[in-house]
Amino acid sequence: MASHIKVYNQKRNALNRQIKALSDAIEQGTVDRTNAVLRLQRVTDLFHAHEELHDVIEMEDPTNKALERMTVLSNDYYALASRVASIPNPNGSVPDASTGRDIPTASSTFLEKQRQLKLPVADIPKFDGNCDQWITFKNSFESMVATRTDIDDLVKFLYLRDALQKEAASKIAIFSATAENYKKAWKSLIDAYDRKRILIARHVDALLDTPTIGIATATSLSRLVDDTRQRLSVLKSINFEPDEKIVVRILERALPIDIRAKWEESLQLDEFPTLDEFFKFIDLTIYRLSTMETETTRIKREIEQKRAGESDTGNTKRLKKDSARLLMTAATTKPCLRCGDSHYLYRCPEYNKDSIGDRWAFIEEKKLCRNCLRKHEGTCNSGKCKKCNQTHHTSLHRNEQPTPTIPQA
């Protein structure tokens, strides 16, 4: 710690000298804008190195008095950066900080760029030793910390230690916080968790063990799709991509009976569906379910509000009838086979535009019951045609010729 404080004070003194020297040069008018920007870049490098060391000391000893002057130093730096940004150029442009060449941008852009360079520690994910999360953690940590060249290995070690929890934290507990131990600590994690065969086996097993959904809801279907996409993404990152047809089949078997039936109705007998087609179907189903769930919730809320405002018996009975009617309407979640909207086939505008012959052809193609216009097994108990009392739906009635004979669904 004592050596850290010594280096910290040395960097602070050097930074103060650089800030004062550039401030004096600007005050005396001995530098133009390009020169000032290039010199500010050196000051910026010193400032961020000082910030990183400040974070190291603050992690280990947050009450150390050497940290107290950081606020003043930060104010001095940003005040200097603002002065540099405000120096006028003949053509109204701003020099690039690395090359000194003019770039057409607002004066605030350069200063904002300097303020955004600091590493956002809060965004580093946590890892507790769960192998399922290792690849995600590894990729995130490498991109956010390990590959950076503007922070030293001591700071990287501290970020790594802060990101580990439970079992994973114990893997590097033997290492003290030094720059030399960072690579050793990272290697110990690689040795413990970065086993390709084990990772592949765990994620493939998770796909094979995908549980069957009991009741179709927007939430349950979203979880099925999100979990699958995440596992496939992890497997792809370690150069393993399972056969798409196998994945589709696994997901088909996980669907609730009613959703699976709708999925089967959308398929061709001689073509196996792609994973994208499956995801597209489920995404559309999630949207419809979400819409109906929202509508059902609204209707129930309206019913409860009416019940609270009506106390007499007559109104209560009427309200119960209204409740049943509204909930039956909201429960019609199966999409119409003709247009895809949520209504019965005989209420479909597209179906009602068709000729009687086209309607018969449609129900034959979809293998629907000619009485109720739905799919089911066994005898249909729906009523007969209201116009001729024959065994077909009223919408299929022909005035001029006998009813075609179609096998019962």
# chains A, B, ... in the order shown; residues from 1 in each chain; ligands from 1

$ closest_atom_pairs --of "region 369-388 of chain A" --to "region 345-349 of chain A" --cutoff "12 Å" --atoms "only C-alpha atoms" --output "tab-separated table"
residue	atom	partner	partner_atom	distance
A:Cys369	CA	A:Leu345	CA	11.6
A:Arg370	CA	A:Tyr346	CA	11.3
A:Asn371	CA	A:Tyr346	CA	11.0
A:Cys372	CA	A:Tyr346	CA	8.9
A:Leu373	CA	A:Leu345	CA	6.8
A:Arg374	CA	A:Leu345	CA	8.2
A:Lys375	CA	A:Leu345	CA	11.5

$ write_last_selection --atoms "all heavy atoms" --output "PDB file, in the first residue's frame"
ATOM      1  N   CYS A 369     -64.739 -29.909 -39.361  1.00  0.00           N
ATOM      2  CA  CYS A 369     -66.097 -30.454 -39.224  1.00  0.00           C
ATOM      3  C   CYS A 369     -67.064 -29.536 -39.972  1.00  0.00           C
ATOM      4  O   CYS A 369     -67.050 -28.317 -39.787  1.00  0.00           O
ATOM      5  CB  CYS A 369     -66.478 -30.541 -37.747  1.00  0.00           C
ATOM      6  SG  CYS A 369     -68.211 -30.981 -37.467  1.00  0.00           S
ATOM      7  N   ARG A 370     -67.953 -30.109 -40.811  1.00  0.00           N
ATOM      8  CA  ARG A 370     -68.850 -29.285 -41.601  1.00  0.00           C
ATOM      9  C   ARG A 370     -69.994 -28.696 -40.771  1.00  0.00           C
ATOM     10  O   ARG A 370     -70.717 -27.807 -41.219  1.00  0.00           O
ATOM     11  CB  ARG A 370     -69.429 -30.103 -42.752  1.00  0.00           C
ATOM     12  CG  ARG A 370     -70.306 -31.269 -42.308  1.00  0.00           C
ATOM     13  CD  ARG A 370     -70.702 -32.101 -43.496  1.00  0.00           C
ATOM     14  NE  ARG A 370     -71.532 -33.239 -43.111  1.00  0.00           N
ATOM     15  CZ  ARG A 370     -71.887 -34.192 -43.954  1.00  0.00           C
ATOM     16  NH1 ARG A 370     -71.483 -34.138 -45.207  1.00  0.00           N
ATOM     17  NH2 ARG A 370     -72.647 -35.185 -43.554  1.00  0.00           N
ATOM     18  N   ASN A 371     -70.174 -29.212 -39.549  1.00  0.00           N
ATOM     19  CA  ASN A 371     -71.230 -28.686 -38.687  1.00  0.00           C
ATOM     20  C   ASN A 371     -70.767 -27.471 -37.883  1.00  0.00           C
ATOM     21  O   ASN A 371     -71.436 -26.439 -37.856  1.00  0.00           O
ATOM     22  CB  ASN A 371     -71.724 -29.762 -37.713  1.00  0.00           C
ATOM     23  CG  ASN A 371     -72.608 -30.770 -38.406  1.00  0.00           C
ATOM     24  OD1 ASN A 371     -73.155 -30.504 -39.470  1.00  0.00           O
ATOM     25  ND2 ASN A 371     -72.747 -31.944 -37.814  1.00  0.00           N
ATOM     26  N   CYS A 372     -69.603 -27.604 -37.197  1.00  0.00           N
ATOM     27  CA  CYS A 372     -69.138 -26.526 -36.305  1.00  0.00           C
ATOM     28  C   CYS A 372     -67.951 -25.755 -36.864  1.00  0.00           C
ATOM     29  O   CYS A 372     -67.480 -24.793 -36.238  1.00  0.00           O
ATOM     30  CB  CYS A 372     -68.788 -27.092 -34.931  1.00  0.00           C
ATOM     31  SG  CYS A 372     -67.413 -28.266 -34.960  1.00  0.00           S
ATOM     32  N   LEU A 373     -67.405 -26.184 -38.012  1.00  0.00           N
ATOM     33  CA  LEU A 373     -66.280 -25.515 -38.679  1.00  0.00           C
ATOM     34  C   LEU A 373     -65.010 -25.527 -37.830  1.00  0.00           C
ATOM     35  O   LEU A 373     -64.182 -24.641 -37.920  1.00  0.00           O
ATOM     36  CB  LEU A 373     -66.641 -24.059 -39.040  1.00  0.00           C
ATOM     37  CG  LEU A 373     -67.922 -23.864 -39.845  1.00  0.00           C
ATOM     38  CD1 LEU A 373     -68.090 -22.381 -40.195  1.00  0.00           C
ATOM     39  CD2 LEU A 373     -67.902 -24.707 -41.115  1.00  0.00           C
ATOM     40  N   ARG A 374     -64.851 -26.580 -36.987  1.00  0.00           N
ATOM     41  CA  ARG A 374     -63.653 -26.735 -36.171  1.00  0.00           C
ATOM     42  C   ARG A 374     -63.132 -28.157 -36.303  1.00  0.00           C
ATOM     43  O   ARG A 374     -63.822 -29.031 -36.824  1.00  0.00           O
ATOM     44  CB  ARG A 374     -63.948 -26.423 -34.698  1.00  0.00           C
ATOM     45  CG  ARG A 374     -64.203 -24.943 -34.429  1.00  0.00           C
ATOM     46  CD  ARG A 374     -64.586 -24.685 -32.991  1.00  0.00           C
ATOM     47  NE  ARG A 374     -65.924 -25.216 -32.703  1.00  0.00           N
ATOM     48  CZ  ARG A 374     -66.562 -25.050 -31.546  1.00  0.00           C
ATOM     49  NH1 ARG A 374     -65.977 -24.385 -30.560  1.00  0.00           N
ATOM     50  NH2 ARG A 374     -67.770 -25.542 -31.351  1.00  0.00           N
ATOM     51  N   LYS A 375     -61.922 -28.384 -35.779  1.00  0.00           N
ATOM     52  CA  LYS A 375     -61.360 -29.731 -35.781  1.00  0.00           C
ATOM     53  C   LYS A 375     -61.701 -30.428 -34.467  1.00  0.00           C
ATOM     54  O   LYS A 375     -61.549 -29.834 -33.396  1.00  0.00           O
ATOM     55  CB  LYS A 375     -59.844 -29.672 -35.954  1.00  0.00           C
ATOM     56  CG  LYS A 375     -59.387 -29.343 -37.358  1.00  0.00           C
ATOM     57  CD  LYS A 375     -57.888 -29.555 -37.501  1.00  0.00           C
ATOM     58  CE  LYS A 375     -57.452 -29.334 -38.952  1.00  0.00           C
ATOM     59  NZ  LYS A 375     -56.016 -29.623 -39.141  1.00  0.00           N
TER      60      LYS A 375
END

$ atom_distance --atom1 "CA of Ala163 (chain A)" --atom2 "CA of Glu142 (chain A)"
12.3 Å

$ residues_around --residues "Ala25 (chain A)" --least-positions-apart "2" --cutoff "12 Å" --atoms "only C-alpha atoms" --output "list of chain:residue names"
A:Gln18, A:Ile19, A:Lys20, A:Ala21, A:Leu22, A:Ser23, A:Glu27, A:Gln28, A:Gly29, A:Thr30, A:Val31, A:Asp32, A:Arg33, A:Asn35, A:Ala36, A:Arg39, A:Leu40, A:Leu80, A:Arg83, A:Val84

$ write_last_selection --atoms "N, CA, C and O atoms" --output "short mmCIF file (atom, residue, chain, number, x, y, z; two decimals), in the first residue's frame"
data_model
loop_
_atom_site.label_atom_id
_atom_site.label_comp_id
_atom_site.auth_asym_id
_atom_site.auth_seq_id
_atom_site.Cartn_x
_atom_site.Cartn_y
_atom_site.Cartn_z
N GLN A 18 1.62 19.48 -15.46
CA GLN A 18 1.20 19.50 -16.86
C GLN A 18 -0.02 20.41 -17.04
O GLN A 18 -0.11 21.17 -18.02
N ILE A 19 -0.97 20.33 -16.11
CA ILE A 19 -2.17 21.16 -16.20
C ILE A 19 -1.79 22.64 -16.11
O ILE A 19 -2.27 23.48 -16.88
N LYS A 20 -0.91 22.97 -15.16
CA LYS A 20 -0.52 24.37 -14.97
C LYS A 20 0.24 24.89 -16.19
O LYS A 20 0.02 26.02 -16.66
N ALA A 21 1.15 24.06 -16.75
CA ALA A 21 1.95 24.49 -17.89
C ALA A 21 1.07 24.79 -19.10
O ALA A 21 1.24 25.81 -19.78
N LEU A 22 0.10 23.91 -19.37
CA LEU A 22 -0.77 24.13 -20.52
C LEU A 22 -1.71 25.31 -20.27
O LEU A 22 -1.98 26.11 -21.17
N SER A 23 -2.19 25.46 -19.04
CA SER A 23 -3.06 26.59 -18.71
C SER A 23 -2.33 27.91 -18.91
O SER A 23 -2.88 28.88 -19.48
N GLU A 27 -3.14 30.92 -21.53
CA GLU A 27 -3.35 32.27 -20.99
C GLU A 27 -2.45 33.28 -21.71
O GLU A 27 -2.86 34.41 -22.00
N GLN A 28 -1.22 32.87 -22.00
CA GLN A 28 -0.25 33.77 -22.63
C GLN A 28 -0.40 33.81 -24.15
O GLN A 28 0.24 34.64 -24.82
N GLY A 29 -1.23 32.92 -24.70
CA GLY A 29 -1.46 32.91 -26.13
C GLY A 29 -0.30 32.36 -26.93
O GLY A 29 -0.15 32.70 -28.12
N THR A 30 0.52 31.50 -26.34
CA THR A 30 1.69 30.97 -27.04
C THR A 30 1.40 29.65 -27.78
O THR A 30 2.29 29.08 -28.39
N VAL A 31 0.14 29.15 -27.70
CA VAL A 31 -0.21 27.91 -28.40
C VAL A 31 -1.48 28.14 -29.22
O VAL A 31 -2.35 28.91 -28.82
N ASP A 32 -1.54 27.52 -30.40
CA ASP A 32 -2.79 27.56 -31.16
C ASP A 32 -3.64 26.35 -30.75
O ASP A 32 -3.24 25.54 -29.90
N ARG A 33 -4.79 26.23 -31.37
CA ARG A 33 -5.71 25.19 -30.94
C ARG A 33 -5.17 23.78 -31.18
O ARG A 33 -5.28 22.90 -30.34
N ASN A 35 -2.07 22.76 -31.37
CA ASN A 35 -1.01 22.48 -30.40
C ASN A 35 -1.61 22.17 -29.03
O ASN A 35 -1.18 21.24 -28.33
N ALA A 36 -2.62 22.94 -28.62
CA ALA A 36 -3.23 22.75 -27.30
C ALA A 36 -3.92 21.39 -27.20
O ALA A 36 -3.83 20.71 -26.17
N ARG A 39 -1.31 18.63 -26.86
CA ARG A 39 -0.74 18.63 -25.50
C ARG A 39 -1.76 18.15 -24.47
O ARG A 39 -1.39 17.49 -23.49
N LEU A 40 -3.03 18.47 -24.69
CA LEU A 40 -4.07 18.01 -23.77
C LEU A 40 -4.18 16.49 -23.78
O LEU A 40 -4.51 15.88 -22.76
N LEU A 80 -9.52 22.73 -17.72
CA LEU A 80 -8.51 22.88 -18.77
C LEU A 80 -9.04 22.35 -20.10
O LEU A 80 -8.88 22.98 -21.15
N ARG A 83 -11.33 24.78 -21.65
CA ARG A 83 -10.63 25.92 -22.23
C ARG A 83 -10.05 25.56 -23.60
O ARG A 83 -10.10 26.35 -24.54
N VAL A 84 -9.49 24.35 -23.70
CA VAL A 84 -8.94 23.91 -24.98
C VAL A 84 -10.05 23.81 -26.03
O VAL A 84 -9.88 24.23 -27.18
#

$ residues_around --residues "region 263-273 of chain A" --least-positions-apart "6" --cutoff "10 Å" --atoms "only C-alpha atoms" --output "PDB file with N, CA and C atoms, in the first residue's frame"
ATOM      1  N   GLU A 244     -30.014 -28.169 -36.823  1.00  0.00           N
ATOM      2  CA  GLU A 244     -31.196 -27.312 -36.651  1.00  0.00           C
ATOM      3  C   GLU A 244     -32.482 -28.114 -36.601  1.00  0.00           C
ATOM      4  N   LYS A 245     -32.569 -29.177 -37.387  1.00  0.00           N
ATOM      5  CA  LYS A 245     -33.788 -29.989 -37.423  1.00  0.00           C
ATOM      6  C   LYS A 245     -34.021 -30.675 -36.074  1.00  0.00           C
ATOM      7  N   VAL A 248     -35.410 -28.022 -33.703  1.00  0.00           N
ATOM      8  CA  VAL A 248     -36.826 -27.760 -33.986  1.00  0.00           C
ATOM      9  C   VAL A 248     -37.703 -28.866 -33.401  1.00  0.00           C
ATOM     10  N   ARG A 249     -37.272 -30.100 -33.570  1.00  0.00           N
ATOM     11  CA  ARG A 249     -38.071 -31.224 -33.072  1.00  0.00           C
ATOM     12  C   ARG A 249     -38.160 -31.201 -31.541  1.00  0.00           C
ATOM     13  N   GLU A 252     -40.634 -28.491 -30.689  1.00  0.00           N
ATOM     14  CA  GLU A 252     -42.003 -28.900 -31.016  1.00  0.00           C
ATOM     15  C   GLU A 252     -42.598 -29.738 -29.890  1.00  0.00           C
ATOM     16  N   LEU A 255     -43.974 -27.882 -26.770  1.00  0.00           N
ATOM     17  CA  LEU A 255     -45.125 -26.984 -26.873  1.00  0.00           C
ATOM     18  C   LEU A 255     -46.366 -27.584 -26.205  1.00  0.00           C
ATOM     19  N   ILE A 257     -50.291 -28.671 -26.008  1.00  0.00           N
ATOM     20  CA  ILE A 257     -51.026 -29.401 -27.057  1.00  0.00           C
ATOM     21  C   ILE A 257     -51.706 -28.458 -28.039  1.00  0.00           C
ATOM     22  N   PHE A 281     -43.131 -18.247 -35.827  1.00  0.00           N
ATOM     23  CA  PHE A 281     -44.469 -18.701 -35.413  1.00  0.00           C
ATOM     24  C   PHE A 281     -44.693 -18.435 -33.930  1.00  0.00           C
ATOM     25  N   ILE A 282     -43.698 -18.770 -33.097  1.00  0.00           N
ATOM     26  CA  ILE A 282     -43.843 -18.585 -31.655  1.00  0.00           C
ATOM     27  C   ILE A 282     -43.909 -17.101 -31.301  1.00  0.00           C
ATOM     28  N   THR A 285     -47.339 -16.009 -31.987  1.00  0.00           N
ATOM     29  CA  THR A 285     -48.251 -16.565 -30.979  1.00  0.00           C
ATOM     30  C   THR A 285     -48.119 -15.811 -29.657  1.00  0.00           C
ATOM     31  N   LEU A 337     -58.387 -19.820 -38.976  1.00  0.00           N
ATOM     32  CA  LEU A 337     -57.589 -20.516 -39.982  1.00  0.00           C
ATOM     33  C   LEU A 337     -57.631 -19.816 -41.338  1.00  0.00           C
ATOM     34  N   LYS A 366     -58.819 -28.048 -45.006  1.00  0.00           N
ATOM     35  CA  LYS A 366     -58.355 -27.956 -43.623  1.00  0.00           C
ATOM     36  C   LYS A 366     -58.862 -29.097 -42.746  1.00  0.00           C
TER      37      LYS A 366
END

$ atom_distance --atom1 "CA of Glu295 (chain A)" --atom2 "CA of Ile213 (chain A)"
22.5 Å

$ residues_around --residues "Asp153 (chain A)" --least-positions-apart "6" --cutoff "10 Å" --atoms "only C-alpha atoms" --output "PyMOL selection string"
chain A and resi 145-146+159+177-183

$ closest_residue --among "A:Ile124, A:Leu46, A:Ala173, A:Ile87" --to "Met144 (chain A)" --atoms "only C-alpha atoms"
A:Ile124
